[in-house]
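K.L.:
This structure is in structure tokens; I'll ask about it shortly.
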Amino acid sequence: MSVPWSLGFVGAGVMADVMIGGLLAEGVLPADHIIASDHNEARLAQLHVHHGVRTTRDNRAAAEGSEVLVLAVKPQNLAEVLAELRGRVPPQATVLSIVAGAGLDTLHRGLQHDHLVRCMPNLPCRIRRGMTVWTARGDLADRQRVRAILQVMGQELFVDHEAQVDQATAVNGTGPAVVAEFVKAMVEAANYIGEPREVAHQTVLATLIGTAELIRAAGQDGTHVAQLIDEVTSPGGTTSRALQVLKMGRFGAVVTEAIDAAHQRTLELGRGLDQAVGPAPGPPR
Ligand SMILES: NC(=O)c1ccc[n+]([C@@H]2O[C@H](COP(=O)([O-])OP(=O)(O)OC[C@H]3O[C@@H](n4cnc5c(N)ncnc54)[C@H](OP(=O)(O)O)[C@@H]3O)[C@@H](O)[C@H]2O)c1
């Protein structure tokens, strides 16, 4: 991307910091082409000192000068931000929302703007090993720019149907906490049978990362994860005994129930945001 363009952030918190850090490290944009707005002066000062980007307390100013505008506030602040920015985003600009649960219709109604991207990043984005699932509405001439922004956080996947972003909110959004909960349980189990805590932590993490890499490599050759489990499970062996206990504890069913609950909550959050934005947009303020 040879010609620098202008990028704005409304909300200068954790995610804005992560994205700006990645964008600068990857040389996607120079710092003076990035502006961040927030109502928190201290946070803006921190962002400016860390990254050298321009900052403002005026959300509208950030929006008006941006070709791509990232909405990076918490869901509870979205309705007020949309009302404030309505009519202030340049018509050809792309608005990219990372707000969990906020649907494209809600964003469109609240902002009265056509070019919209909704995405769901996850926690490992903080170390640029995240997974972001995204979709778009309107004519997206900026698709390459959006990709460049999302790729600084790790992998990105475009999906045609917005429902898949809701599903991703439950799967890759909630996933890191579910996996971390599993790691915690494994370390406690190892400790229970006598493995020292620091050894347990190291072996559990290495097992998790190694298994994930193996599943990925095997998948590339068309090997299904169930086949790998079969390969390590000899009749009457240790793995067989462990898997039997997981089955009796409804392991698979509990994971499904947890992800389903997260999905239901995502949809509920989306309906709440939709209501907060309201049915009829007023004229631009
Ligand atoms: N953190 C993650 O790992 C993650 C992952 C996926 C998606 N997300 C989504 O990313 C979004 C941002 O998350 P985050 O963790 O970066 O949140 P955050 O650290 O709380 O940052 C949000 C910032 O927006 C500011 N803000 C609130 N109302 C504002 C307004 N009206 N105008 C301007 N600024 C305002 C907040 O200030 P105050 O704190 O003073 O209110 C805060 O500095 C959320 O919607 C979340 O769902 C986060």
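Please note that chains go A, B, ... in the order of the structure tokens, that every chain numbers its residues from 1, and that ligands are numbered from 1 in the order shown.
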Which residues in range 25-231 of chain A does DSSP call strand (DSSP E or B)? List them as a ChimeraX atom specification.

P.N.:
/A:34-37,54-56,68-71,94-97,116-120,130-137,154-158

K.L.:
Please identify every polymer residue within 7 Å of ligand 1, using only C-alpha atoms and all ligand atoms, and present the set as a ChimeraX atom specification.

P.N.:
/A:10-16,37-40,43,59,72-75,77,80-81,98-100,120-123,173

K.L.:
Among range 27-254 of chain A, which residues carry a DSSP assignment of alpha helix (DSSP H), reported as an MDAnalysis selection string?

P.N.:
chainID A and resid 41:51 59:64 75:85 104:111 143:151 163:168 175:192 197:220 225:232 238:248 251:254

K.L.:
Just want the 12 Å neighbourhood of range 240-243 of chain A, counted on only C-alpha atoms, with same-chain residues fewer than 5 positions away dropped. Output as a count of residues only.

P.N.:
13

K.L.:
Could you check the closest approach to Leu7 in chain A for each of A:Arg145, A:Arg86, A:His51, A:Arg126 and tell me which residue wins, using only C-alpha atoms?

P.N.:
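Looking only at the distances to Leu7 in chain A, the closest residue turns out to be A:Arg145.
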
K.L.:
Provide the CA of His263 in chain A to CA of Lys247 in chain A distance in Å, to one decimal place.

P.N.:
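Atom-to-atom, CA of His263 in chain A to CA of Lys247 in chain A, that is 23.6 Å.
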
K.L.:
Could you name the residues that touch Ile149 in chain A at 9 Å or less, counting only C-alpha atoms, but leaving out those on the same chain fewer than 4 positions away, as a ChimeraX atom specification?

P.N.:
/A:19-20,22-23,28,144-145,153

K.L.:
Show which residues sit within 9 Å of Ala262 in chain A, as a PyMOL selection string. Count only C-alpha atoms, and ignore same-chain residues fewer than 2 positions away.

P.N.:
chain A and resi 167+169-171+174+257-260+264-267

K.L.:
Would you put the residues from that selection into a file with C-alpha atoms, as a short mmCIF file (atom, residue, chain, number, x, y, z; two decimals), in the first residue's frame?

P.N.:
data_model
loop_
_atom_site.label_atom_id
_atom_site.label_comp_id
_atom_site.auth_asym_id
_atom_site.auth_seq_id
_atom_site.Cartn_x
_atom_site.Cartn_y
_atom_site.Cartn_z
CA GLN A 167 -21.21 -17.42 15.81
CA THR A 169 -18.26 -14.06 18.79
CA ALA A 170 -19.17 -17.22 20.69
CA VAL A 171 -16.44 -19.42 19.22
CA THR A 174 -15.23 -16.70 23.97
CA GLU A 257 -23.73 -25.90 26.04
CA ALA A 258 -21.12 -23.28 26.98
CA ILE A 259 -20.59 -22.08 23.39
CA ASP A 260 -24.34 -22.13 22.75
CA GLN A 264 -27.40 -16.75 22.80
CA ARG A 265 -25.84 -13.98 24.89
CA THR A 266 -24.27 -12.43 21.75
CA LEU A 267 -27.68 -12.30 20.06
#

K.L.:
If we count only C-alpha atoms and set the cut-off at 8 Å, which residues sit around Trp134 in chain A, ignoring sequence neighbours fewer than 5 positions away in its own chain? Please answer as an NGL selection string.

P.N.:
:A and (117-120 or 156-159 or 165)
